[in-house]
Protein chains: 2
Amino acid sequence: MPTKTYHIGVEATMEIIGGKWKSIILCHLRHQTMRTSELARAIPQISQKMLTQQLRELEAANIVTRHVYKQVPPRVDYALTDYGESLSGILHELCVWGEDNIDRRQAEGEEITLLSRDDV
Amino acid sequence: MPTKTYHIGVEATMEIIGGKWKSIILCHLRHQTMRTSELARAIPQISQKMLTQQLRELEAANIVTRHVYKQVPPRVDYALTDYGESLSGILHELCVWGEDNIDRRQAEGEEITLLSRDDV
DNA sequence: TGCGATACCCACCAAAAGGTAACTATTAGA
DNA sequence: TCTAATAGTTACCTTTTGGTGGGTATCGCA
C-alpha cells in the first residue's frame, strides 16, 4: 500500500473532526451519551443519511462507540470513547471561540443569531 | 437580508478555520509572518489558486493581514491579526492532537508518515 | 531582445461533499 | 388490518471544493 503522508499534525486532526457535521456531533456527545433520534433533534439541519454516515466514520476512527440494544423499535446510542474524550478540551474551545466570533460580528451589525450557547 | 442562524458556536469557528487548507496556513503563520512564496514552499501540496483564495477569505474574516510592498518583482506578506492570534492556542492543540493521532495509527501498523513536527 | 522573478487572475474541468426522497425491518397497539 | 415508532439503507441529484493550464504586469539583467 502507498504510505499516506502528512506534512503537519493539524491535517490529521481535520481529517477526523473536519467537514460540516463531525465537530457539531462531537460537541453534543461531549456532554452525554445520546440516541440517534436525540442527536437528530439536537442538530435539526442534519439529514438522517448524513447523521449515520458521520457517526460511522467517527466510529471507524475510534472517536465514538455505538451501542445497539436488542429491542423493537430499535434503540442505538452513541458516546465518546476515551480517545474521543481527549478531544473534549479542543471541542470546548472551538465552541467558545465561535460564540465570541458571533458576538463580534453581531456587534458590527451583521444579521446573525446563535440559538444555543450550551457550553458552560 | 435573511438572518444567518447558527445552532452552536463551533459552526462559526469551522466556517473560518475549516476546509482543507485554512488551518494549515494558520498553523504556519502562527510562528511567523510569511511571504506568499514561503507559504507555498511550506505547503507543497497547495496550488497557487487555493493559496491566494484561502488567504483572501482569512483576510475577509479579519484573521490575517496582507501587506503589499511597492516593489518589482512584487512582495506580499501575511501575518495573523490580533484576532487571529486568539486562535493560536487552538491551532497548537489541533497540531499536537494530530501528531498523537498519527503516532497511534503508526503504532497500530498503519502505513503513515508525518513529515514535520514543528509544534514546540 | 527576451528571459526570470513574484504574485497574482481567469476559464474550464473533476472530484468530493452534502441533500432529497423513497425504501427496509420489526413489534405494539388502535 | 393498519399505523406509529426507530434506525438505517439506497439511488439519484446538486453544490461546493479543489485542480490545471493558461495569461497578466513590472523591472533588472544577460
# chains A, B, ... in the order shown; residues from 1 in each chain; ligands from 1

call {"tool": "interface_residues", "arguments": {"of": "chain C", "to": "chain B", "cutoff": "7 Å", "atoms": "only C-alpha atoms (C1' of nucleotides)", "output": "VMD selection string"}}
result
chain C and resid 5 to 7

call {"tool": "interface_residues", "arguments": {"of": "chain D", "to": "chain A", "cutoff": "7 Å", "atoms": "only C-alpha atoms (C1' of nucleotides)", "output": "ChimeraX atom specification"}}
result
/D:5-7

call {"tool": "write_last_selection", "arguments": {"atoms": "N, CA, C and O atoms (P, O5', C5', C4', C3', O3' and C1' of nucleotides)", "output": "short mmCIF file (atom, residue, chain, number, x, y, z; two decimals), in the first residue's frame"}}
result
data_model
loop_
_atom_site.label_atom_id
_atom_site.label_comp_id
_atom_site.auth_asym_id
_atom_site.auth_seq_id
_atom_site.Cartn_x
_atom_site.Cartn_y
_atom_site.Cartn_z
P DA D 5 -45.45 8.35 16.29
"O5'" DA D 5 -44.19 7.55 16.81
"C5'" DA D 5 -44.35 6.48 17.74
"C4'" DA D 5 -43.10 5.64 17.71
"C3'" DA D 5 -41.86 6.41 17.24
"O3'" DA D 5 -40.90 6.51 18.29
"C1'" DA D 5 -42.06 4.30 16.13
P DT D 6 -39.56 7.34 18.10
"O5'" DT D 6 -38.55 6.24 17.54
"C5'" DT D 6 -38.11 5.20 18.39
"C4'" DT D 6 -37.07 4.39 17.65
"C3'" DT D 6 -35.93 5.25 17.12
"O3'" DT D 6 -34.74 4.81 17.73
"C1'" DT D 6 -36.80 3.80 15.43
P DA D 7 -33.37 5.62 17.53
"O5'" DA D 7 -32.79 4.88 16.25
"C5'" DA D 7 -32.44 3.50 16.38
"C4'" DA D 7 -32.00 2.97 15.04
"C3'" DA D 7 -30.93 3.84 14.37
"O3'" DA D 7 -29.78 3.05 14.17
"C1'" DA D 7 -32.67 3.26 12.86
#

call {"tool": "closest_atom_pairs", "arguments": {"of": "stretch 56-113 of chain B", "to": "stretch 2-14 of chain B", "cutoff": "12 Å", "atoms": "only C-alpha atoms", "output": "JSON lines"}}
result
{"residue": "B:Ala61", "atom": "CA", "partner": "B:Thr13", "partner_atom": "CA", "distance": 10.9}
{"residue": "B:Ile63", "atom": "CA", "partner": "B:Thr13", "partner_atom": "CA", "distance": 11.6}
{"residue": "B:Gly84", "atom": "CA", "partner": "B:Thr13", "partner_atom": "CA", "distance": 11.8}
{"residue": "B:Ser86", "atom": "CA", "partner": "B:Thr13", "partner_atom": "CA", "distance": 11.9}
{"residue": "B:Leu87", "atom": "CA", "partner": "B:Thr13", "partner_atom": "CA", "distance": 9.7}
{"residue": "B:Ile90", "atom": "CA", "partner": "B:Thr13", "partner_atom": "CA", "distance": 10.8}
{"residue": "B:Leu91", "atom": "CA", "partner": "B:Thr13", "partner_atom": "CA", "distance": 11.8}

call {"tool": "residues_around", "arguments": {"residues": "stretch 12-26 of chain D", "least_positions_apart": "4", "cutoff": "10 Å", "atoms": "only C-alpha atoms (C1' of nucleotides)", "output": "list in words"}}
result
Gly19, Lys20, Ile46, Ser47, Lys49, Met50, Gln71, Val72, Pro73 and Pro74 of chain B; DT6, DA7, DC8, DC9, DC10, DA11, DC12, DC13, DA14, DA15, DA16, DA17, DG18, DG19, DT20 and DA21 of chain C

call {"tool": "atom_distance", "arguments": {"atom1": "atom CA of B:Lys70", "atom2": "atom CA of B:Ile24"}}
result
27.9 Å

call {"tool": "atom_distance", "arguments": {"atom1": "atom CA of A:Cys95", "atom2": "atom CA of A:Ala42"}}
result
15.2 Å

call {"tool": "closest_residue", "arguments": {"among": "B:Met34, B:Arg66, B:Gln54, B:Ser23", "to": "chain A", "atoms": "only C-alpha atoms"}}
result
B:Ser23

call {"tool": "select_by_dssp", "arguments": {"residues": "chain B", "states": "alpha helix (DSSP H)", "output": "JSON, numbers by chain"}}
result
{"B": [9, 10, 11, 12, 13, 14, 15, 16, 17, 22, 23, 24, 25, 26, 27, 28, 29, 36, 37, 38, 39, 40, 41, 42, 48, 49, 50, 51, 52, 53, 54, 55, 56, 57, 58, 59, 60, 82, 83, 84, 85, 88, 89, 90, 91, 92, 93, 94, 95, 96, 97, 98, 99, 100, 101, 102, 103, 104, 105, 106, 107]}

call {"tool": "select_by_dssp", "arguments": {"residues": "stretch 6-114 of chain B", "states": "strand (DSSP E or B)", "output": "list in words"}}
result
Tyr6, Met34, Arg35, Val64, Thr65, Arg66, His67, Val68, Tyr69, Arg75, Val76, Asp77, Tyr78, Ala79, Leu80, Ile112, Thr113 and Leu114 of chain B

call {"tool": "write_last_selection", "arguments": {"atoms": "N, CA and C atoms", "output": "PDB file, in the first residue's frame"}}
result
ATOM      1  N   TYR B   6     -26.922  30.259  13.526  1.00  0.00           N
ATOM      2  CA  TYR B   6     -26.063  29.174  13.979  1.00  0.00           C
ATOM      3  C   TYR B   6     -26.751  28.489  15.156  1.00  0.00           C
ATOM      4  N   MET B  34       4.814  35.486   6.898  1.00  0.00           N
ATOM      5  CA  MET B  34       5.384  34.766   5.753  1.00  0.00           C
ATOM      6  C   MET B  34       4.961  35.371   4.417  1.00  0.00           C
ATOM      7  N   ARG B  35       5.852  35.303   3.462  1.00  0.00           N
ATOM      8  CA  ARG B  35       5.548  35.734   2.099  1.00  0.00           C
ATOM      9  C   ARG B  35       4.720  34.643   1.419  1.00  0.00           C
ATOM     10  N   VAL B  64      -6.149  37.267   9.140  1.00  0.00           N
ATOM     11  CA  VAL B  64      -4.785  37.607   8.688  1.00  0.00           C
ATOM     12  C   VAL B  64      -4.784  38.991   8.037  1.00  0.00           C
ATOM     13  N   THR B  65      -3.599  39.605   8.032  1.00  0.00           N
ATOM     14  CA  THR B  65      -3.414  40.858   7.289  1.00  0.00           C
ATOM     15  C   THR B  65      -2.535  40.582   6.094  1.00  0.00           C
ATOM     16  N   ARG B  66      -2.733  41.356   5.058  1.00  0.00           N
ATOM     17  CA  ARG B  66      -1.979  41.237   3.814  1.00  0.00           C
ATOM     18  C   ARG B  66      -1.211  42.534   3.657  1.00  0.00           C
ATOM     19  N   HIS B  67       0.093  42.427   3.548  1.00  0.00           N
ATOM     20  CA  HIS B  67       0.904  43.620   3.392  1.00  0.00           C
ATOM     21  C   HIS B  67       1.645  43.566   2.065  1.00  0.00           C
ATOM     22  N   VAL B  68       1.361  44.539   1.203  1.00  0.00           N
ATOM     23  CA  VAL B  68       1.968  44.594  -0.129  1.00  0.00           C
ATOM     24  C   VAL B  68       3.088  45.627  -0.121  1.00  0.00           C
ATOM     25  N   TYR B  69       4.292  45.198  -0.486  1.00  0.00           N
ATOM     26  CA  TYR B  69       5.408  46.140  -0.603  1.00  0.00           C
ATOM     27  C   TYR B  69       5.416  46.692  -2.026  1.00  0.00           C
ATOM     28  N   ARG B  75       6.231  41.900  -3.746  1.00  0.00           N
ATOM     29  CA  ARG B  75       6.464  41.211  -2.480  1.00  0.00           C
ATOM     30  C   ARG B  75       5.236  41.449  -1.624  1.00  0.00           C
ATOM     31  N   VAL B  76       4.653  40.329  -1.148  1.00  0.00           N
ATOM     32  CA  VAL B  76       3.451  40.426  -0.329  1.00  0.00           C
ATOM     33  C   VAL B  76       3.684  39.536   0.873  1.00  0.00           C
ATOM     34  N   ASP B  77       3.332  40.019   2.055  1.00  0.00           N
ATOM     35  CA  ASP B  77       3.388  39.053   3.143  1.00  0.00           C
ATOM     36  C   ASP B  77       2.154  39.062   4.014  1.00  0.00           C
ATOM     37  N   TYR B  78       2.006  37.963   4.722  1.00  0.00           N
ATOM     38  CA  TYR B  78       0.808  37.712   5.502  1.00  0.00           C
ATOM     39  C   TYR B  78       1.180  37.456   6.954  1.00  0.00           C
ATOM     40  N   ALA B  79       0.340  37.951   7.835  1.00  0.00           N
ATOM     41  CA  ALA B  79       0.559  37.711   9.266  1.00  0.00           C
ATOM     42  C   ALA B  79      -0.786  37.568   9.951  1.00  0.00           C
ATOM     43  N   LEU B  80      -0.809  36.936  11.107  1.00  0.00           N
ATOM     44  CA  LEU B  80      -2.034  36.869  11.900  1.00  0.00           C
ATOM     45  C   LEU B  80      -2.366  38.259  12.433  1.00  0.00           C
ATOM     46  N   ILE B 112       1.868   5.237   7.407  1.00  0.00           N
ATOM     47  CA  ILE B 112       1.537   6.640   7.542  1.00  0.00           C
ATOM     48  C   ILE B 112       2.780   7.387   8.021  1.00  0.00           C
ATOM     49  N   THR B 113       2.985   8.584   7.506  1.00  0.00           N
ATOM     50  CA  THR B 113       4.170   9.356   7.882  1.00  0.00           C
ATOM     51  C   THR B 113       3.801  10.793   8.188  1.00  0.00           C
ATOM     52  N   LEU B 114       4.506  11.378   9.133  1.00  0.00           N
ATOM     53  CA  LEU B 114       4.356  12.800   9.414  1.00  0.00           C
ATOM     54  C   LEU B 114       5.696  13.452   9.128  1.00  0.00           C
TER      55      LEU B 114
END

call {"tool": "residues_around", "arguments": {"residues": "C:DA22", "least_positions_apart": "4", "cutoff": "12 Å", "atoms": "only C-alpha atoms (C1' of nucleotides)", "output": "list of chain:residue names"}}
result
D:DT9, D:DT10, D:DA11, D:DC12

call {"tool": "closest_residue", "arguments": {"among": "B:Trp21, B:Glu110, B:Arg104, B:Leu94", "to": "chain A", "atoms": "only C-alpha atoms"}}
result
B:Leu94

call {"tool": "closest_residue", "arguments": {"among": "B:Leu55, B:Ile102, B:Ile25, B:Ala107", "to": "chain A", "atoms": "only C-alpha atoms"}}
result
B:Ile102

call {"tool": "closest_residue", "arguments": {"among": "A:Leu29, A:Leu115, A:Ala40, A:Ile17", "to": "chain B", "atoms": "only C-alpha atoms"}}
result
A:Leu115

call {"tool": "decode", "arguments": {"residues": "stretch 9-33 of chain B", "atoms": "N, CA and C atoms", "output": "compact mmCIF listing (two decimals), in the first residue's frame"}}
result
# COMPACT_ATOMS: atom_id res chain seq x y z
N GLY B 9 -21.81 27.23 18.74
CA GLY B 9 -20.66 28.06 18.42
C GLY B 9 -19.68 27.45 17.42
N VAL B 10 -19.44 26.16 17.57
CA VAL B 10 -18.42 25.51 16.74
C VAL B 10 -18.73 25.64 15.24
N GLU B 11 -19.98 25.81 14.89
CA GLU B 11 -20.32 26.01 13.47
C GLU B 11 -19.61 27.22 12.90
N ALA B 12 -19.62 28.31 13.66
CA ALA B 12 -18.99 29.54 13.19
C ALA B 12 -17.48 29.38 13.10
N THR B 13 -16.90 28.71 14.10
CA THR B 13 -15.45 28.50 14.08
C THR B 13 -15.05 27.70 12.86
N MET B 14 -15.79 26.66 12.58
CA MET B 14 -15.43 25.79 11.47
C MET B 14 -15.61 26.48 10.13
N GLU B 15 -16.52 27.42 10.07
CA GLU B 15 -16.68 28.17 8.83
C GLU B 15 -15.40 28.94 8.54
N ILE B 16 -14.69 29.31 9.60
CA ILE B 16 -13.50 30.14 9.44
C ILE B 16 -12.22 29.34 9.30
N ILE B 17 -12.06 28.28 10.12
CA ILE B 17 -10.81 27.52 10.02
C ILE B 17 -11.00 26.16 9.38
N GLY B 18 -12.23 25.86 8.94
CA GLY B 18 -12.48 24.56 8.32
C GLY B 18 -11.97 24.50 6.89
N GLY B 19 -12.24 23.39 6.26
CA GLY B 19 -11.75 23.18 4.90
C GLY B 19 -10.35 22.61 4.93
N LYS B 20 -9.88 22.25 3.76
CA LYS B 20 -8.63 21.51 3.65
C LYS B 20 -7.41 22.36 3.98
N TRP B 21 -7.47 23.67 3.79
CA TRP B 21 -6.24 24.46 3.80
C TRP B 21 -6.11 25.49 4.92
N LYS B 22 -7.23 26.05 5.37
CA LYS B 22 -7.14 27.22 6.24
C LYS B 22 -6.35 26.94 7.52
N SER B 23 -6.66 25.82 8.17
CA SER B 23 -5.97 25.56 9.43
C SER B 23 -4.48 25.32 9.20
N ILE B 24 -4.14 24.74 8.07
CA ILE B 24 -2.71 24.51 7.78
C ILE B 24 -1.99 25.84 7.60
N ILE B 25 -2.59 26.71 6.80
CA ILE B 25 -2.00 28.04 6.59
C ILE B 25 -1.82 28.75 7.94
N LEU B 26 -2.86 28.70 8.75
CA LEU B 26 -2.82 29.42 10.03
C LEU B 26 -1.76 28.84 10.96
N CYS B 27 -1.59 27.52 10.93
CA CYS B 27 -0.56 26.91 11.79
C CYS B 27 0.83 27.42 11.42
N HIS B 28 1.06 27.67 10.14
CA HIS B 28 2.36 28.21 9.73
C HIS B 28 2.50 29.67 10.14
N LEU B 29 1.43 30.43 9.96
CA LEU B 29 1.50 31.87 10.29
C LEU B 29 1.58 32.12 11.79
N ARG B 30 1.23 31.09 12.55
CA ARG B 30 1.31 31.21 14.00
C ARG B 30 2.73 31.53 14.47
N HIS B 31 3.72 31.02 13.74
CA HIS B 31 5.10 31.19 14.18
C HIS B 31 5.78 32.42 13.60
N GLN B 32 5.29 32.88 12.44
CA GLN B 32 5.99 33.99 11.80
C GLN B 32 5.18 34.57 10.65
N THR B 33 5.46 35.81 10.35
CA THR B 33 4.95 36.44 9.13
C THR B 33 5.59 35.72 7.95
